[in-house]
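Chemist: File target30.cif below, mmCIF, C-alpha atoms:
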data_run
loop_
_atom_site.label_atom_id
_atom_site.label_comp_id
_atom_site.auth_asym_id
_atom_site.auth_seq_id
_atom_site.Cartn_x
_atom_site.Cartn_y
_atom_site.Cartn_z
CA MET L 1 -24.62 3.01 57.42
CA LEU L 2 -23.05 6.12 55.88
CA LYS L 3 -19.46 6.88 56.86
CA VAL L 4 -18.80 10.62 57.21
CA ILE L 5 -15.16 11.65 56.88
CA PRO L 6 -13.93 15.23 57.52
CA ILE L 7 -11.15 16.25 55.13
CA ASN L 8 -9.06 19.30 54.35
CA SER L 9 -9.01 20.14 50.67
CA LYS L 10 -6.15 21.87 48.84
CA SER L 11 -8.49 23.91 46.62
CA ILE L 12 -12.21 24.52 46.21
CA LEU L 13 -12.67 26.32 42.87
CA ASN L 14 -11.41 24.17 40.01
CA ARG L 15 -11.44 24.74 36.27
CA SER L 16 -14.28 23.01 34.42
CA LYS L 17 -14.93 22.07 30.80
CA ILE L 18 -18.65 22.78 31.29
CA TYR L 19 -18.58 26.10 33.18
CA GLN L 20 -15.64 28.33 34.08
CA TYR L 21 -15.26 26.73 37.51
CA THR L 22 -16.71 23.86 39.47
CA LEU L 23 -17.12 23.70 43.25
CA ASN L 24 -17.64 20.43 45.12
CA PRO L 25 -18.47 20.86 48.83
CA TYR L 26 -18.22 17.10 49.36
CA VAL L 27 -16.44 14.06 47.93
CA GLY L 28 -18.63 11.02 47.52
CA CYS L 29 -22.41 10.95 47.55
CA ALA L 30 -25.01 9.19 49.66
CA HIS L 31 -27.40 8.85 46.70
CA GLY L 32 -25.40 5.91 45.38
CA CYS L 33 -26.54 6.22 41.75
CA HIS L 34 -25.30 3.19 39.81
CA TYR L 35 -24.51 5.15 36.66
CA CYS L 36 -22.55 7.96 38.34
CA TYR L 37 -19.36 8.91 36.49
CA ALA L 38 -17.95 10.35 39.75
CA ARG L 39 -17.30 6.84 41.04
CA PHE L 40 -13.79 7.21 39.60
CA VAL L 41 -12.75 9.26 42.65
CA LYS L 42 -12.54 6.08 44.74
CA ARG L 43 -9.42 5.09 42.80
CA PHE L 44 -7.55 7.96 44.43
CA MET L 45 -8.82 7.47 47.98
CA ARG L 46 -8.07 5.02 50.77
CA ILE L 47 -11.69 4.32 51.60
CA ASP L 48 -13.04 0.78 52.00
CA GLU L 49 -16.74 1.70 51.89
CA PRO L 50 -18.48 1.21 48.52
CA TRP L 51 -19.79 4.13 46.49
CA GLY L 52 -22.89 5.55 48.16
CA LYS L 53 -21.75 4.54 51.63
CA PHE L 54 -19.31 7.35 52.36
CA VAL L 55 -19.11 11.12 52.09
CA CYS L 56 -16.08 13.31 52.74
CA VAL L 57 -16.90 16.76 54.10
CA LYS L 58 -14.53 19.56 53.07
CA VAL L 59 -14.32 21.23 56.46
CA ASN L 60 -12.00 23.99 55.22
CA ALA L 61 -14.13 24.82 52.16
CA ILE L 62 -15.27 28.25 53.38
CA GLU L 63 -11.78 29.40 54.31
CA LEU L 64 -10.44 28.24 50.93
CA LEU L 65 -13.28 29.84 49.00
CA GLN L 66 -12.83 33.20 50.70
CA LYS L 67 -9.14 33.25 49.77
CA GLU L 68 -9.75 32.11 46.19
CA LEU L 69 -12.57 34.61 45.59
CA ASP L 70 -10.29 37.42 46.75
CA ARG L 71 -7.82 36.44 44.00
CA LYS L 72 -10.25 35.80 41.13
CA LYS L 73 -12.40 37.97 38.92
CA THR L 74 -16.15 37.47 39.17
CA SER L 75 -17.04 34.50 36.97
CA GLU L 76 -19.37 31.48 36.81
CA VAL L 77 -19.38 28.33 38.91
CA TRP L 78 -21.08 24.94 38.74
CA ILE L 79 -22.10 23.45 42.08
CA SER L 80 -21.20 20.68 41.71
CA GLY L 81 -19.47 18.27 39.32
CA ILE L 82 -18.77 15.11 41.31
CA CYS L 83 -21.23 15.11 44.21
CA ASP L 84 -24.73 16.27 45.03
CA PRO L 85 -24.42 19.53 47.00
CA TYR L 86 -27.74 18.79 48.72
CA GLN L 87 -27.17 15.21 49.80
CA PRO L 88 -28.29 14.51 53.40
CA ALA L 89 -24.95 15.58 54.95
CA GLU L 90 -25.73 19.17 53.93
CA ARG L 91 -28.48 19.34 56.56
CA GLU L 92 -25.80 18.93 59.24
CA PHE L 93 -22.71 20.61 57.78
CA ARG L 94 -24.19 23.41 55.59
CA VAL L 95 -21.05 23.61 53.45
CA THR L 96 -23.05 24.32 50.30
CA ARG L 97 -25.07 27.07 51.96
CA ARG L 98 -22.02 28.86 53.33
CA CYS L 99 -20.28 28.66 49.95
CA LEU L 100 -23.40 30.10 48.31
CA GLU L 101 -23.44 33.02 50.73
CA LEU L 102 -19.89 33.93 49.75
CA LEU L 103 -20.46 33.49 46.00
CA ILE L 104 -23.62 35.60 46.10
CA SER L 105 -21.84 38.34 48.05
CA LYS L 106 -19.28 38.50 45.24
CA GLY L 107 -21.89 38.51 42.45
CA TRP L 108 -20.89 35.23 40.82
CA ASN L 109 -23.05 33.50 38.22
CA ILE L 110 -24.11 30.26 39.89
CA PHE L 111 -25.40 26.99 38.42
CA ILE L 112 -26.57 24.47 41.04
CA GLN L 113 -27.21 20.88 40.01
CA THR L 114 -28.98 18.50 42.40
CA LYS L 115 -31.38 15.59 42.69
CA SER L 116 -32.56 16.74 46.08
CA HIS L 117 -35.52 18.69 47.42
CA LEU L 118 -33.20 19.84 50.25
CA ILE L 119 -32.26 22.76 48.01
CA LEU L 120 -35.46 24.34 49.35
CA ASP L 121 -33.58 24.90 52.63
CA ASP L 122 -31.71 27.66 50.78
CA ILE L 123 -34.60 29.20 48.90
CA ASP L 124 -34.22 32.33 51.04
CA LEU L 125 -30.79 32.89 49.49
CA LEU L 126 -31.75 31.97 45.93
CA LYS L 127 -35.04 33.80 45.39
CA GLY L 128 -33.51 37.23 45.77
CA TYR L 129 -30.54 36.56 43.50
CA SER L 130 -30.86 36.95 39.74
CA ASN L 131 -27.59 35.25 38.74
CA VAL L 132 -28.53 31.72 39.73
CA THR L 133 -29.90 28.76 37.78
CA VAL L 134 -31.06 25.58 39.50
CA LEU L 135 -30.75 22.37 37.50
CA ILE L 136 -32.85 19.58 38.99
CA THR L 137 -31.85 16.14 37.68
CA ILE L 138 -34.95 14.06 36.89
CA THR L 139 -34.10 10.95 34.87
CA THR L 140 -37.46 9.20 34.71
CA SER L 141 -41.10 9.71 35.65
CA GLN L 142 -41.29 6.26 37.30
CA ASP L 143 -40.11 5.84 40.86
CA SER L 144 -39.75 2.09 40.28
CA ILE L 145 -37.04 2.87 37.70
CA ARG L 146 -35.52 5.50 40.00
CA LYS L 147 -35.13 2.88 42.74
CA ILE L 148 -33.15 0.63 40.39
CA PHE L 149 -30.65 3.24 39.24
CA GLU L 150 -30.72 5.85 42.04
CA PRO L 151 -31.45 3.72 45.12
CA ASN L 152 -30.91 6.36 47.80
CA ALA L 153 -31.78 9.53 45.89
CA PRO L 154 -34.98 11.44 46.72
CA PRO L 155 -38.22 10.25 45.06
CA ILE L 156 -39.17 11.79 41.74
CA SER L 157 -42.23 13.41 43.33
CA LYS L 158 -40.02 15.32 45.81
CA ARG L 159 -37.86 16.68 43.00
CA ILE L 160 -40.86 17.80 40.96
CA GLU L 161 -42.38 19.47 44.01
CA ALA L 162 -39.10 21.33 44.63
CA LEU L 163 -38.94 22.35 40.98
CA LYS L 164 -42.45 23.83 41.12
CA ILE L 165 -41.71 25.81 44.29
CA LEU L 166 -38.47 27.20 42.87
CA HIS L 167 -40.20 28.13 39.61
CA GLU L 168 -43.05 29.84 41.44
CA GLU L 169 -40.49 31.93 43.36
CA GLY L 170 -39.10 33.22 40.07
CA ILE L 171 -35.84 31.26 40.26
CA LYS L 172 -34.57 30.13 36.86
CA THR L 173 -35.15 26.38 36.68
CA ASP L 174 -33.68 23.84 34.30
CA VAL L 175 -34.16 20.08 34.26
CA MET L 176 -31.38 17.63 33.48
CA ILE L 177 -32.73 14.38 32.05
CA ALA L 178 -29.31 12.86 32.37
CA PRO L 179 -29.01 10.01 31.96
CA LEU L 180 -32.10 9.33 29.88
CA LEU L 181 -33.82 6.38 31.59
CA PRO L 182 -36.94 4.39 30.70
CA GLY L 183 -40.02 6.37 31.73
CA ALA L 184 -38.54 9.74 30.75
CA GLU L 185 -41.08 10.08 27.93
CA ASN L 186 -43.80 11.03 30.43
CA LEU L 187 -41.84 13.97 31.82
CA VAL L 188 -43.01 16.38 29.12
CA GLU L 189 -46.54 16.57 30.49
CA ILE L 190 -45.34 16.59 34.10
CA LEU L 191 -42.83 19.41 33.61
CA LYS L 192 -44.96 21.64 31.39
CA ASN L 193 -45.09 25.21 32.80
CA GLU L 194 -42.59 24.30 35.53
CA VAL L 195 -39.25 24.64 33.77
CA ASP L 196 -37.35 27.09 31.56
CA HIS L 197 -34.96 24.72 29.79
CA VAL L 198 -34.36 20.96 29.51
CA ILE L 199 -31.06 19.18 28.86
CA VAL L 200 -31.00 15.52 27.82
CA ASP L 201 -28.02 13.16 27.90
CA LYS L 202 -27.67 9.41 27.44
CA MET L 203 -26.45 6.64 29.74
CA ASN L 204 -22.86 6.13 30.79
CA TYR L 205 -22.58 2.50 29.71
CA GLY L 206 -19.53 1.64 31.76
CA TYR L 207 -21.05 1.94 35.22
CA ALA L 208 -24.66 0.93 34.57
CA HIS L 209 -24.46 -1.91 32.02
CA TRP L 210 -24.85 -4.57 34.72
CA VAL L 211 -27.97 -2.81 36.04
CA TYR L 212 -29.61 -2.94 32.63
CA ARG L 213 -28.76 -6.64 32.30
CA SER L 214 -29.96 -7.48 35.81
CA TYR L 215 -33.39 -5.91 35.22
CA ASN L 216 -33.87 -7.04 31.61
CA LEU L 217 -33.63 -3.49 30.30
CA GLU L 218 -30.93 -4.15 27.70
CA GLN L 219 -33.28 -3.31 24.85
CA ASN L 220 -33.03 0.29 26.08
CA MET L 221 -29.24 0.51 25.83
CA SER L 222 -28.64 0.91 22.11
CA ASP L 223 -27.56 4.15 20.47
CA MET L 224 -30.73 3.89 18.38
CA PHE L 225 -32.85 3.88 21.57
CA PHE L 226 -31.16 7.02 22.88
CA ARG L 227 -31.39 8.83 19.55
CA GLU L 228 -35.06 7.99 19.05
CA LYS L 229 -36.06 8.79 22.65
CA GLY L 230 -33.93 11.93 22.77
CA ASN L 231 -35.28 13.33 19.50
CA ALA L 232 -38.86 12.50 20.50
CA LEU L 233 -38.42 14.26 23.86
CA LYS L 234 -36.86 17.30 22.23
CA ARG L 235 -39.75 17.58 19.77
CA LEU L 236 -42.40 17.25 22.49
CA PHE L 237 -40.76 19.75 24.84
CA GLU L 238 -40.36 22.31 22.08
CA GLU L 239 -43.98 21.80 20.96
CA ASN L 240 -44.84 22.88 24.51
CA GLY L 241 -42.65 25.98 24.33
CA ILE L 242 -39.73 24.59 26.36
CA LYS L 243 -36.24 24.78 24.90
CA CYS L 244 -34.63 21.33 24.87
CA GLU L 245 -30.95 20.59 24.26
CA LEU L 246 -29.54 17.14 23.39
CA LEU L 247 -25.97 16.48 24.48
CA PHE L 248 -25.62 13.57 22.06
CA ARG L 249 -26.37 12.92 18.42
#
When written as C-alpha cells, how does the structure in this file appear?
Modeler:
Amino acid sequence: MLKVIPINSKSILNRSKIYQYTLNPYVGCAHGCHYCYARFVKRFMRIDEPWGKFVCVKVNAIELLQKELDRKKTSEVWISGICDPYQPAEREFRVTRRCLELLISKGWNIFIQTKSHLILDDIDLLKGYSNVTVLITITTSQDSIRKIFEPNAPPISKRIEALKILHEEGIKTDVMIAPLLPGAENLVEILKNEVDHVIVDKMNYGYAHWVYRSYNLEQNMSDMFFREKGNALKRLFEENGIKCELLFR
C-alpha cells in the first residue's frame, strides 16, 4: 500500500550540478528501485514507510514555481533529480504537468527524465515545444532483470513503446542506461532508429550490492565488467549512428 503525503515545500527550483536547475514535483517514488541514490532523503524525513512505499506530493509547487520564474532569467531545468515525475501519483495530482505548462510558457529549456510511459499523457504539451528533451531510463532489455532491481517500475516494453511514440512525434529523445544492468547489451538493436543520444552510467554499489549477492549476479559488479560492457555498448551504438556518452571510465 502506497502512503501519499501532501507537503508544502520551501522552494521548487534548486541549483543542480548536472543542469542549471532541478525541479522535483514529488519526494519519494513508488517505483522502489533498489539502486536509487535518492533513498538518502529518508534520513531527513519522519516517515516510517520503506522506500517505494511512500510519496510526498508538493501541493504548493505551482504557486512556488510561478513566483520563482518571475524572479529568474530563462534557463534550463531537469525534471527531476530525486523522484520520477511520472510515477503513478502524477495521474491524480498532475503536479508535473502544471509545472511543465508554466516552464513552457516562459520558454525554459526542459530535460525530463522518467522510467514511465505515463509521460505520454503530456505529449500534447511536448510535441509542439522545441526546447524539450525526454530522457527515458532503460537499464536492461530483460524484464526479469528489471523486476529484480526496479520492482514497481513500468515494464521495459512500455518504456520502449513510449520512446517510439515520442520519437515519431519529433520530440528529442535520449535514453539513459543508468545504471548499466545485465541484459543492456541487447538494447542497441532494440533502440536503433528510436533515439537521438544514449548515456550510460554504472551501478551505485552502496544501495544495490545486496541485490547482486542475493541473485548471484556478483560477477557483474566489478569495475572491469562496467568498463568492458560500457565500451562495447558505446562502440555498437556509434556504429549504428547513435551518439553514446559514458559517464565513467
Chemist: What residues come out when you apply the PyMOL selection byres ((chain L and resi 141-155) around 7) to this file, written as a PyMOL selection string?
Modeler: chain L and resi 30-35+115-116+140+156-159+183-184+186-187
Chemist: Let me make sure I understand: among L:Lys172, L:Arg15, L:Lys58, L:Lys72, which one has the smallest atom-to-atom distance to L:Ile112 if we use only C-alpha atoms?
Modeler: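 Answer, going by the shortest atom-to-atom distance: L:Lys172.
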Chemist: Starting from the shown file, work through the PyMOL selection byres ((chain L and resi 164) around 12) and note down what comes out as number ranges by chain.
Modeler: L: 117, 120, 134, 136, 157-163, 165-175, 190-196
Chemist: Quote the spacing between atom CA of L:Glu49 and atom CA of L:Ala89 in Å to one decimal place.
Modeler: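 That distance, rounded to one decimal, is 16.4 Å.
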Chemist: Identify all residues satisfying the PyMOL selection byres ((chain L and resi 3) around 10) in the given file; provide them as an MDAnalysis selection string.
Modeler: chainID L and resid 1:2 4:5 30 47 49 52:56
Chemist: Can you sort out the box for stretch 8-13 of chain L, edges along x, y and z, all listed atoms in, 4 Å on every side, with centre and edge lengths in Å to one decimal, as lines of an AutoDock Vina configuration file?
Modeler:
center_x = -9.4
center_y = 22.8
center_z = 48.6
size_x = 14.5
size_y = 15.0
size_z = 19.5
Chemist: Need the shell around L:Arg227: protein/DNA/RNA residues with any atom at most 12 Å away, counting all atoms listed in the file. Skip same-chain ones fewer than 5 positions apart. Format as a list in words?
Modeler: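 In the requested format, the answer is Leu180, Val200, Asp201, Lys202, Met203, Asn220, Met221, Ser222, Ala232, Leu233, Lys234, Leu246, Leu247, Phe248 and Arg249 of chain L.
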Chemist: Can you measure atom CA of L:Arg91 to atom CA of L:Lys17 for me? One decimal in Å is fine.
Modeler: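 Atom CA of L:Lys17 lies at a distance of 29.2 Å from atom CA of L:Arg91.
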